[in-house]
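Structure data follow from upload18.cif (mmCIF, C-alpha atoms):
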```cif
data_start
loop_
_atom_site.label_atom_id
_atom_site.label_comp_id
_atom_site.auth_asym_id
_atom_site.auth_seq_id
_atom_site.Cartn_x
_atom_site.Cartn_y
_atom_site.Cartn_z
CA MET H 270 -129.40 133.63 13.51
CA MET H 271 -131.38 130.45 13.06
CA LEU H 272 -131.80 129.20 9.52
CA ALA H 273 -135.40 128.20 8.74
CA PRO H 274 -136.28 124.96 6.98
CA GLY H 275 -136.31 125.55 3.23
CA THR H 276 -133.50 128.14 3.30
CA ARG H 277 -131.10 127.71 0.38
CA VAL H 278 -127.48 127.45 1.48
CA ARG H 279 -124.08 126.69 0.04
CA VAL H 280 -121.44 124.70 1.88
CA LYS H 281 -118.27 126.76 2.01
CA LEU H 282 -115.68 125.69 -0.48
CA ASP H 283 -112.94 125.70 2.11
CA TRP H 284 -110.02 123.37 2.73
CA PRO H 285 -108.74 123.97 6.25
CA GLU H 286 -106.64 120.82 5.92
CA LEU H 287 -104.39 122.76 3.55
CA ARG H 288 -103.63 125.28 6.33
CA GLY H 289 -102.47 122.83 8.97
CA PRO H 290 -103.69 120.24 11.47
CA CYS H 291 -107.46 120.32 11.84
CA HIS H 292 -110.52 118.23 12.64
CA ILE H 293 -113.51 118.66 10.35
CA ARG H 294 -117.01 117.17 10.36
CA THR H 295 -117.92 118.53 6.89
CA PRO H 296 -117.32 115.91 4.19
CA HIS H 297 -115.22 116.96 1.21
CA TYR H 298 -117.76 115.90 -1.35
CA VAL H 299 -120.38 118.52 -0.39
CA ARG H 300 -118.03 121.49 -0.11
CA GLY H 301 -119.07 124.16 -2.59
CA GLU H 302 -122.43 122.41 -3.15
CA GLU H 303 -125.83 124.04 -2.78
CA GLY H 304 -128.46 122.51 -0.56
CA THR H 305 -131.59 123.24 1.45
CA ILE H 306 -131.97 123.45 5.22
CA GLU H 307 -134.16 120.53 6.28
CA ARG H 308 -134.17 121.27 10.00
CA HIS H 309 -132.18 122.55 12.96
CA LEU H 310 -130.98 119.50 14.90
CA GLY H 311 -129.64 121.27 17.97
CA ASP H 312 -126.67 123.25 19.24
CA PHE H 313 -123.38 121.56 20.04
CA PRO H 314 -119.83 122.55 21.01
CA ASN H 315 -117.78 122.95 17.83
CA PRO H 316 -116.02 119.60 17.30
CA GLU H 317 -113.22 121.38 15.42
CA ASP H 318 -112.16 122.90 18.76
CA LEU H 319 -113.13 119.97 20.99
CA ALA H 320 -110.72 117.77 19.05
CA PHE H 321 -107.83 119.96 20.15
CA ALA H 322 -109.12 120.52 23.73
CA ARG H 323 -109.67 124.22 22.97
CA PRO H 324 -112.62 126.20 24.36
CA ALA H 325 -115.44 125.22 22.00
CA PRO H 326 -118.17 127.73 21.09
CA ILE H 327 -121.70 126.34 20.76
CA ARG H 328 -122.74 126.07 17.10
CA ALA H 329 -126.08 125.34 15.48
CA LEU H 330 -126.17 122.02 13.65
CA TYR H 331 -128.46 121.52 10.65
CA HIS H 332 -129.67 118.69 8.51
CA VAL H 333 -128.96 119.94 4.99
CA ARG H 334 -130.60 118.21 2.02
CA PHE H 335 -128.85 117.97 -1.32
CA ALA H 336 -130.62 117.36 -4.60
CA PRO H 337 -129.93 114.22 -6.62
CA LYS H 338 -126.76 114.99 -8.47
CA PRO H 339 -123.78 112.78 -9.01
CA PHE H 340 -120.92 113.82 -6.76
CA TRP H 341 -118.65 111.57 -8.80
CA PRO H 342 -118.45 110.90 -12.53
CA GLU H 343 -119.55 107.29 -12.21
CA GLY H 344 -122.12 105.53 -10.08
CA ALA H 345 -125.70 106.63 -9.50
CA ALA H 346 -126.34 109.28 -6.89
CA PRO H 347 -128.93 108.83 -4.14
CA ASP H 348 -132.32 110.40 -4.91
CA GLU H 349 -131.73 112.55 -1.87
CA LEU H 350 -128.74 113.08 0.39
CA VAL H 351 -128.95 114.54 3.89
CA VAL H 352 -125.83 115.63 5.79
CA GLU H 353 -125.28 117.17 9.24
CA ILE H 354 -123.49 120.50 8.79
CA PHE H 355 -122.57 123.17 11.33
CA GLU H 356 -123.66 126.80 10.78
CA HIS H 357 -120.16 128.16 10.29
CA TRP H 358 -119.77 125.99 7.18
CA LEU H 359 -122.90 127.44 5.55
CA GLU H 360 -123.35 130.60 3.52
CA ALA H 361 -126.32 132.09 1.68
CA ALA H 362 -126.90 130.59 -1.75
CA MET T 71 -90.81 102.41 26.78
CA ASN T 72 -92.44 103.95 23.69
CA ILE T 73 -96.19 104.62 23.99
CA LEU T 74 -96.72 103.50 20.38
CA GLU T 75 -95.13 100.12 21.10
CA THR T 76 -96.79 99.48 24.44
CA PRO T 77 -99.36 96.68 24.36
CA SER T 78 -102.81 98.29 24.27
CA ASP T 79 -104.14 96.33 27.26
CA ARG T 80 -101.30 97.69 29.42
CA LEU T 81 -101.99 101.24 28.21
CA LEU T 82 -105.69 100.82 28.96
CA GLU T 83 -104.93 99.51 32.45
CA ALA T 84 -102.57 102.44 33.09
CA VAL T 85 -105.18 105.00 31.96
CA ARG T 86 -107.90 103.36 34.06
CA SER T 87 -105.64 103.31 37.12
CA LEU T 88 -104.64 106.94 36.63
CA LEU T 89 -108.27 108.08 36.21
CA ALA T 90 -109.12 106.36 39.49
CA ALA T 91 -105.92 107.45 41.33
CA LYS T 92 -106.46 111.10 40.37
CA GLY T 93 -110.12 110.97 41.43
CA HIS T 94 -111.64 111.64 37.97
CA LEU T 95 -113.63 108.40 38.01
CA THR T 96 -114.07 105.51 40.41
CA THR T 97 -113.39 101.95 39.27
CA ASP T 98 -117.11 101.29 39.90
CA GLU T 99 -118.06 104.06 37.47
CA ILE T 100 -115.74 102.61 34.82
CA ALA T 101 -117.19 99.12 35.36
CA GLU T 102 -120.73 100.55 35.13
CA ARG T 103 -119.93 102.31 31.86
CA ILE T 104 -118.44 99.11 30.40
CA ARG T 105 -121.58 97.22 31.46
CA ILE T 106 -123.83 99.81 29.77
CA THR T 107 -121.74 99.81 26.58
CA ASP T 108 -121.76 96.02 26.40
CA GLY T 109 -125.56 96.12 26.85
CA GLY T 110 -125.98 97.83 23.48
CA SER T 111 -127.05 95.40 20.76
CA PRO T 112 -129.32 95.21 17.72
CA ALA T 113 -131.84 93.45 19.96
CA GLN T 114 -132.40 96.77 21.74
CA GLY T 115 -133.15 98.62 18.50
CA ALA T 116 -135.35 95.72 17.37
CA ARG T 117 -137.45 96.05 20.53
CA MET T 118 -137.97 99.74 19.74
CA VAL T 119 -138.93 99.01 16.12
CA ALA T 120 -141.37 96.28 17.15
CA ARG T 121 -143.03 98.55 19.68
CA ALA T 122 -143.28 101.37 17.12
CA TRP T 123 -145.04 98.92 14.78
CA THR T 124 -147.62 98.06 17.42
CA ASP T 125 -148.00 101.32 19.39
CA PRO T 126 -148.72 104.54 17.43
CA ASP T 127 -147.99 106.79 20.42
CA TYR T 128 -144.60 105.17 20.90
CA LYS T 129 -143.87 105.52 17.18
CA ALA T 130 -144.67 109.25 17.39
CA LEU T 131 -142.31 109.62 20.36
CA MET T 132 -139.58 107.65 18.57
CA LEU T 133 -139.72 109.92 15.51
CA ARG T 134 -139.84 113.07 17.66
CA ASP T 135 -137.11 112.14 20.14
CA GLY T 136 -135.20 108.88 19.68
CA THR T 137 -133.28 109.34 22.93
CA MET T 138 -136.49 109.55 24.99
CA ALA T 139 -137.94 106.58 23.11
CA ALA T 140 -134.85 104.50 23.91
CA GLU T 141 -134.99 105.51 27.57
CA ALA T 142 -138.67 104.55 27.63
CA MET T 143 -137.46 101.01 26.81
CA ALA T 144 -134.94 101.17 29.70
CA ILE T 145 -131.98 101.64 27.35
CA PRO T 146 -129.43 103.89 29.15
CA MET T 147 -128.76 107.02 27.01
CA ARG T 148 -127.24 109.38 29.59
CA GLY T 149 -124.13 111.11 28.28
CA LEU T 150 -124.58 109.73 24.76
CA PRO T 151 -125.14 111.73 21.56
CA PRO T 152 -128.82 112.29 20.68
CA LEU T 153 -130.52 109.49 18.76
CA GLY T 154 -132.47 110.38 15.63
CA VAL T 155 -134.89 107.95 13.98
CA LEU T 156 -135.52 107.96 10.22
CA GLU T 157 -138.89 106.59 9.15
CA ASP T 158 -139.17 104.49 6.03
CA THR T 159 -142.43 105.00 4.15
CA GLU T 160 -143.96 103.86 0.90
CA ALA T 161 -142.30 106.92 -0.66
CA VAL T 162 -138.86 106.91 1.01
CA HIS T 163 -136.23 104.35 2.00
CA ASN T 164 -133.44 105.57 4.29
CA LEU T 165 -129.83 104.38 4.27
CA VAL T 166 -127.39 105.49 7.00
CA VAL T 167 -123.66 105.93 6.51
CA CYS T 168 -120.90 107.84 8.26
CA THR T 169 -118.56 108.82 5.43
CA LEU T 170 -116.10 110.48 7.83
CA CYS T 171 -115.60 107.64 10.31
CA SER T 172 -118.00 105.20 11.92
CA CYS T 173 -120.59 107.17 13.93
CA TYR T 174 -123.15 104.59 15.01
CA PRO T 175 -126.02 104.47 17.53
CA ARG T 176 -124.24 101.99 19.79
CA ALA T 177 -126.73 102.12 22.66
CA VAL T 178 -129.47 100.73 20.44
CA LEU T 179 -127.48 98.79 17.80
CA GLY T 180 -124.32 97.74 19.65
CA TYR T 181 -120.88 97.83 18.09
CA PRO T 182 -120.91 98.69 14.37
CA PRO T 183 -120.47 95.73 12.02
CA PHE T 184 -117.03 95.63 10.38
CA TRP T 185 -118.35 96.58 6.96
CA PHE T 186 -120.04 99.74 8.29
CA LYS T 187 -116.56 101.08 9.10
CA SER T 188 -114.99 99.97 5.81
CA ALA T 189 -113.83 102.58 3.30
CA ALA T 190 -115.75 100.70 0.59
CA TYR T 191 -119.14 100.96 2.33
CA ARG T 192 -118.56 104.58 3.34
CA ALA T 193 -117.64 105.64 -0.18
CA ARG T 194 -120.20 103.61 -2.08
CA ALA T 195 -123.16 104.52 0.13
CA VAL T 196 -123.04 108.03 -1.32
CA ARG T 197 -121.48 107.21 -4.69
CA ASP T 198 -123.65 104.33 -5.84
CA PRO T 199 -126.16 103.48 -3.11
CA ARG T 200 -128.54 101.48 -5.32
CA GLY T 201 -125.65 99.35 -6.54
CA LEU T 202 -124.62 98.80 -2.93
CA LEU T 203 -128.17 97.80 -1.89
CA GLY T 204 -128.30 95.43 -4.84
CA GLU T 205 -125.32 93.53 -3.46
CA TRP T 206 -127.28 93.01 -0.24
CA GLY T 207 -130.13 91.64 -2.32
CA THR T 208 -132.19 94.71 -1.48
CA VAL T 209 -134.28 95.98 -4.38
CA LEU T 210 -136.49 98.97 -3.66
CA PRO T 211 -139.98 99.18 -5.15
CA VAL T 212 -140.18 101.29 -8.31
CA GLY T 213 -140.91 104.88 -7.36
CA GLN T 214 -139.57 104.65 -3.79
CA LYS T 215 -137.03 107.39 -3.19
CA LEU T 216 -133.64 106.38 -1.81
CA ARG T 217 -132.50 108.85 0.82
CA VAL T 218 -128.94 108.57 2.10
CA VAL T 219 -128.25 110.11 5.52
CA ASP T 220 -124.58 110.86 6.11
CA SER T 221 -124.05 110.84 9.87
CA THR T 222 -121.25 113.37 10.12
CA ALA T 223 -121.57 115.15 13.44
CA ASP T 224 -123.36 115.04 16.78
CA TYR T 225 -126.40 112.87 16.03
CA ARG T 226 -126.61 109.12 15.74
CA TRP T 227 -129.20 107.70 13.36
CA MET T 228 -131.22 104.52 13.10
CA VAL T 229 -133.88 103.54 10.56
CA LEU T 230 -137.43 102.61 11.47
CA PRO T 231 -138.18 100.17 8.66
CA ARG T 232 -141.66 99.42 7.33
CA ARG T 233 -143.54 96.58 8.96
CA PRO T 234 -143.47 93.66 6.52
CA ALA T 235 -146.60 92.12 5.05
CA GLY T 236 -147.63 88.82 6.59
CA THR T 237 -147.04 89.94 10.19
CA GLU T 238 -150.63 90.93 10.98
CA GLY T 239 -151.56 90.03 14.53
CA TRP T 240 -147.99 89.28 15.61
CA SER T 241 -146.88 90.22 19.13
CA ALA T 242 -144.13 92.78 19.73
CA GLU T 243 -141.83 89.90 20.75
CA GLN T 244 -142.47 88.04 17.49
CA LEU T 245 -141.91 91.23 15.51
CA ALA T 246 -138.67 92.10 17.33
CA ALA T 247 -137.28 88.68 16.41
CA ILE T 248 -137.36 89.45 12.66
CA VAL T 249 -135.67 92.88 12.85
CA ARG T 250 -131.99 92.64 11.97
CA GLU T 251 -129.08 95.03 12.36
CA GLY T 252 -129.02 95.82 8.63
CA ASP T 253 -132.72 96.67 8.63
CA MET T 254 -132.02 99.50 11.08
CA ILE T 255 -129.08 100.78 8.99
CA GLY T 256 -131.09 100.50 5.78
CA VAL T 257 -129.02 97.98 3.80
CA THR T 258 -131.74 95.33 4.17
CA ILE T 259 -135.50 95.24 4.63
CA PRO T 260 -137.26 93.06 7.21
CA THR T 261 -139.41 90.20 5.96
CA ALA T 262 -141.91 87.96 7.70
CA GLY T 263 -139.28 85.22 7.38
#
```
As structure tokens:
Amino acid sequence: MMLAPGTRVRVKLDWPELRGPCHIRTPHYVRGEEGTIERHLGDFPNPEDLAFARPAPIRALYHVRFAPKPFWPEGAAPDELVVEIFEHWLEAA
Amino acid sequence: MNILETPSDRLLEAVRSLLAAKGHLTTDEIAERIRITDGGSPAQGARMVARAWTDPDYKALMLRDGTMAAEAMAIPMRGLPPLGVLEDTEAVHNLVVCTLCSCYPRAVLGYPPFWFKSAAYRARAVRDPRGLLGEWGTVLPVGQKLRVVDSTADYRWMVLPRRPAGTEGWSAEQLAAIVREGDMIGVTIPTAG
């Protein structure tokens, strides 16, 4: 199912690195954070499988926009942050 | 012989020879790919930016499909990740980072500068981007939104900066000459010089 621009999503608060060797394209700092689908960028083989030379299912890739909030206690967050995130890392918010 | 202790040039030569010996690639194909990779440089991206500043149809193509826009300037994109172009406007300034590694649009910007791959740049671009821009001497106009684009997966991103004041009537060649690598990453802003 394609997520439409404007859809509210949450990045899964998951830590596959705690379960064993893995390759992940979802940065730590947005896991568990809520964002908004900006647009569907395309469909690509899942890099988490490609990295291990496993058969890689095609996954939708989205630009997800996050509101200005500090991801760390110090510093000043960007006014807007946009990150590429695959569909299987997103859940309804 | 331990693979971790083998000199990298000997490993590279062995892999290239094996690829050719097993028929996966010809030595000509490898040489062609090296030639294409070495052809990537900020001058290529600068040519695209300058054309976008002088040709509205090209600018529209560039924002819609960066890969096609690069190919329209005879930049080889076959087999490379798609290129996305982020437009700076009066309201928004874009800054590109790859917090996970060093994803970079090499076909149009060449090899990434050393600082782009540094842990410090990658962390601070999302943690304190205005502070980071300040160290480059880049101060955004009051009210312009700073948008950080974290290049984490299958796209490669470049910034289409705003055409600086004082360049009215300049040719595309003159304009391309003032566009620097950092302008297309978003750490700096082009000036008429």
I need the output of the PyMOL selection byres ((chain H and resi 305) around 10) for this file as number ranges by chain; which residues are they?
H: 273-279, 303-304, 306-308, 331-336, 351, 362
Select all residues from chain T having any atom no more than 8 Å from an atom of chain H (counting only C-alpha atoms, ignoring ligands), output as a PyMOL selection string.
chain T and resi 169-170+196-201+215-224
Chain and number of each residue from the PyMOL selection byres ((chain T and resi 255) around 9), as a tab-separated table (two decimals) with C-alpha atoms, in the coordinates of the input:
```
chain	number	residue	atom	x	y	z
T	164	ASN	CA	-133.44	105.57	4.29
T	165	LEU	CA	-129.83	104.38	4.27
T	166	VAL	CA	-127.39	105.49	7.00
T	167	VAL	CA	-123.66	105.93	6.51
T	227	TRP	CA	-129.20	107.70	13.36
T	228	MET	CA	-131.22	104.52	13.10
T	229	VAL	CA	-133.88	103.54	10.56
T	230	LEU	CA	-137.43	102.61	11.47
T	251	GLU	CA	-129.08	95.03	12.36
T	252	GLY	CA	-129.02	95.82	8.63
T	253	ASP	CA	-132.72	96.67	8.63
T	254	MET	CA	-132.02	99.50	11.08
T	256	GLY	CA	-131.09	100.50	5.78
T	257	VAL	CA	-129.02	97.98	3.80
T	258	THR	CA	-131.74	95.33	4.17
```
One decimal, in Å: what's the spacing between CA of Met147 in chain T and CA of Gln114 in chain T?
12.1 Å
Would you work out the distance separating CA of Cys173 in chain T from CA of Leu131 in chain T, expressed in Å to one decimal?
22.8 Å
Is there a way to get, as a PyMOL selection string, all residues within 12 Å of the point (-121.8, 100.4, 31.1) in file coordinates, counting all atoms listed in the file?
chain T and resi 97-110+145-150+176-177
Would you mind exporting C-alpha atoms of the selected residues as a PDB file, in the coordinates of the input?
```pdb
ATOM      1  CA  THR T  97    -113.390 101.950  39.270  1.00  0.00           C
ATOM      2  CA  ASP T  98    -117.110 101.290  39.900  1.00  0.00           C
ATOM      3  CA  GLU T  99    -118.060 104.060  37.470  1.00  0.00           C
ATOM      4  CA  ILE T 100    -115.740 102.610  34.820  1.00  0.00           C
ATOM      5  CA  ALA T 101    -117.190  99.120  35.360  1.00  0.00           C
ATOM      6  CA  GLU T 102    -120.730 100.550  35.130  1.00  0.00           C
ATOM      7  CA  ARG T 103    -119.930 102.310  31.860  1.00  0.00           C
ATOM      8  CA  ILE T 104    -118.440  99.110  30.400  1.00  0.00           C
ATOM      9  CA  ARG T 105    -121.580  97.220  31.460  1.00  0.00           C
ATOM     10  CA  ILE T 106    -123.830  99.810  29.770  1.00  0.00           C
ATOM     11  CA  THR T 107    -121.740  99.810  26.580  1.00  0.00           C
ATOM     12  CA  ASP T 108    -121.760  96.020  26.400  1.00  0.00           C
ATOM     13  CA  GLY T 109    -125.560  96.120  26.850  1.00  0.00           C
ATOM     14  CA  GLY T 110    -125.980  97.830  23.480  1.00  0.00           C
ATOM     15  CA  ILE T 145    -131.980 101.640  27.350  1.00  0.00           C
ATOM     16  CA  PRO T 146    -129.430 103.890  29.150  1.00  0.00           C
ATOM     17  CA  MET T 147    -128.760 107.020  27.010  1.00  0.00           C
ATOM     18  CA  ARG T 148    -127.240 109.380  29.590  1.00  0.00           C
ATOM     19  CA  GLY T 149    -124.130 111.110  28.280  1.00  0.00           C
ATOM     20  CA  LEU T 150    -124.580 109.730  24.760  1.00  0.00           C
ATOM     21  CA  ARG T 176    -124.240 101.990  19.790  1.00  0.00           C
ATOM     22  CA  ALA T 177    -126.730 102.120  22.660  1.00  0.00           C
TER      23      ALA T 177
END
```
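Non-sequential neighbours of range 242-249 of chain T (distance at most 8 Å, separation of 3 or more positions within a chain, all atoms listed in the file) are Ala113, Ala116, Arg117, Val119, Ala120, Arg121, Trp123, Thr124, Thr237, Asp253, Met254, Pro260, Thr261, Ala262 and Gly263 of chain T.
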Atom-to-atom span, CA of Asp283 in chain H and CA of Arg328 in chain H, Å:
17.9 Å
Residue among T:Cys168, T:Val85, T:Ile73, T:Ala122 lying closest to Gly136 in chain T, counting only C-alpha atoms:
T:Ala122
Write out as an MDAnalysis selection string which residues come within 7 Å of Tyr225 in chain T when counting only C-alpha atoms, dropping same-chain ones fewer than 6 positions away.
chainID T and resid 151:154
Residues near Arg300 in chain H, anyone? I mean within 6 Å using only C-alpha atoms, not counting same-chain ones fewer than 3 positions away, as JSON, numbers by chain.
{"H": [280, 281, 282, 297]}
Kindly output range 198-218 of chain T as a PDB file, in the frame of the given file, after building N, CA and C atoms.
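This went into result.pdb:
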```pdb
ATOM      1  N   ASP T 198    -122.820 105.240  -5.057  1.00  0.00           N
ATOM      2  CA  ASP T 198    -123.650 104.330  -5.840  1.00  0.00           C
ATOM      3  C   ASP T 198    -124.528 103.496  -4.897  1.00  0.00           C
ATOM      4  N   PRO T 199    -125.421 104.189  -4.167  1.00  0.00           N
ATOM      5  CA  PRO T 199    -126.160 103.480  -3.110  1.00  0.00           C
ATOM      6  C   PRO T 199    -127.064 102.367  -3.627  1.00  0.00           C
ATOM      7  N   ARG T 200    -127.659 102.548  -4.810  1.00  0.00           N
ATOM      8  CA  ARG T 200    -128.540 101.480  -5.320  1.00  0.00           C
ATOM      9  C   ARG T 200    -127.724 100.238  -5.678  1.00  0.00           C
ATOM     10  N   GLY T 201    -126.527 100.474  -6.239  1.00  0.00           N
ATOM     11  CA  GLY T 201    -125.650  99.350  -6.540  1.00  0.00           C
ATOM     12  C   GLY T 201    -125.274  98.611  -5.269  1.00  0.00           C
ATOM     13  N   LEU T 202    -124.990  99.379  -4.222  1.00  0.00           N
ATOM     14  CA  LEU T 202    -124.620  98.800  -2.930  1.00  0.00           C
ATOM     15  C   LEU T 202    -125.791  97.967  -2.364  1.00  0.00           C
ATOM     16  N   LEU T 203    -127.003  98.537  -2.402  1.00  0.00           N
ATOM     17  CA  LEU T 203    -128.170  97.800  -1.890  1.00  0.00           C
ATOM     18  C   LEU T 203    -128.376  96.518  -2.682  1.00  0.00           C
ATOM     19  N   GLY T 204    -128.124  96.597  -3.992  1.00  0.00           N
ATOM     20  CA  GLY T 204    -128.300  95.430  -4.840  1.00  0.00           C
ATOM     21  C   GLY T 204    -127.423  94.267  -4.388  1.00  0.00           C
ATOM     22  N   GLU T 205    -126.220  94.594  -3.922  1.00  0.00           N
ATOM     23  CA  GLU T 205    -125.320  93.530  -3.460  1.00  0.00           C
ATOM     24  C   GLU T 205    -125.797  92.901  -2.162  1.00  0.00           C
ATOM     25  N   TRP T 206    -126.653  93.596  -1.435  1.00  0.00           N
ATOM     26  CA  TRP T 206    -127.280  93.010  -0.240  1.00  0.00           C
ATOM     27  C   TRP T 206    -128.540  92.249  -0.624  1.00  0.00           C
ATOM     28  N   GLY T 207    -128.883  92.282  -1.894  1.00  0.00           N
ATOM     29  CA  GLY T 207    -130.130  91.640  -2.320  1.00  0.00           C
ATOM     30  C   GLY T 207    -131.340  92.514  -2.058  1.00  0.00           C
ATOM     31  N   THR T 208    -131.092  93.794  -1.799  1.00  0.00           N
ATOM     32  CA  THR T 208    -132.190  94.710  -1.480  1.00  0.00           C
ATOM     33  C   THR T 208    -132.582  95.486  -2.732  1.00  0.00           C
ATOM     34  N   VAL T 209    -133.776  95.262  -3.206  1.00  0.00           N
ATOM     35  CA  VAL T 209    -134.280  95.980  -4.380  1.00  0.00           C
ATOM     36  C   VAL T 209    -135.483  96.794  -3.915  1.00  0.00           C
ATOM     37  N   LEU T 210    -135.403  98.104  -4.112  1.00  0.00           N
ATOM     38  CA  LEU T 210    -136.490  98.970  -3.660  1.00  0.00           C
ATOM     39  C   LEU T 210    -137.610  98.964  -4.693  1.00  0.00           C
ATOM     40  N   PRO T 211    -138.854  99.104  -4.217  1.00  0.00           N
ATOM     41  CA  PRO T 211    -139.980  99.180  -5.150  1.00  0.00           C
ATOM     42  C   PRO T 211    -139.792 100.368  -6.109  1.00  0.00           C
ATOM     43  N   VAL T 212    -140.271 100.195  -7.330  1.00  0.00           N
ATOM     44  CA  VAL T 212    -140.180 101.290  -8.310  1.00  0.00           C
ATOM     45  C   VAL T 212    -140.902 102.501  -7.738  1.00  0.00           C
ATOM     46  N   GLY T 213    -140.268 103.661  -7.825  1.00  0.00           N
ATOM     47  CA  GLY T 213    -140.910 104.880  -7.360  1.00  0.00           C
ATOM     48  C   GLY T 213    -140.568 105.241  -5.919  1.00  0.00           C
ATOM     49  N   GLN T 214    -139.962 104.301  -5.165  1.00  0.00           N
ATOM     50  CA  GLN T 214    -139.570 104.650  -3.790  1.00  0.00           C
ATOM     51  C   GLN T 214    -138.245 105.400  -3.835  1.00  0.00           C
ATOM     52  N   LYS T 215    -138.231 106.541  -3.191  1.00  0.00           N
ATOM     53  CA  LYS T 215    -137.030 107.390  -3.190  1.00  0.00           C
ATOM     54  C   LYS T 215    -135.980 106.817  -2.246  1.00  0.00           C
ATOM     55  N   LEU T 216    -134.737 106.824  -2.676  1.00  0.00           N
ATOM     56  CA  LEU T 216    -133.640 106.380  -1.810  1.00  0.00           C
ATOM     57  C   LEU T 216    -132.955 107.606  -1.218  1.00  0.00           C
ATOM     58  N   ARG T 217    -133.019 107.684   0.105  1.00  0.00           N
ATOM     59  CA  ARG T 217    -132.500 108.850   0.820  1.00  0.00           C
ATOM     60  C   ARG T 217    -131.313 108.382   1.647  1.00  0.00           C
ATOM     61  N   VAL T 218    -130.134 108.937   1.360  1.00  0.00           N
ATOM     62  CA  VAL T 218    -128.940 108.570   2.100  1.00  0.00           C
ATOM     63  C   VAL T 218    -128.684 109.628   3.173  1.00  0.00           C
TER      64      VAL T 218
END
```
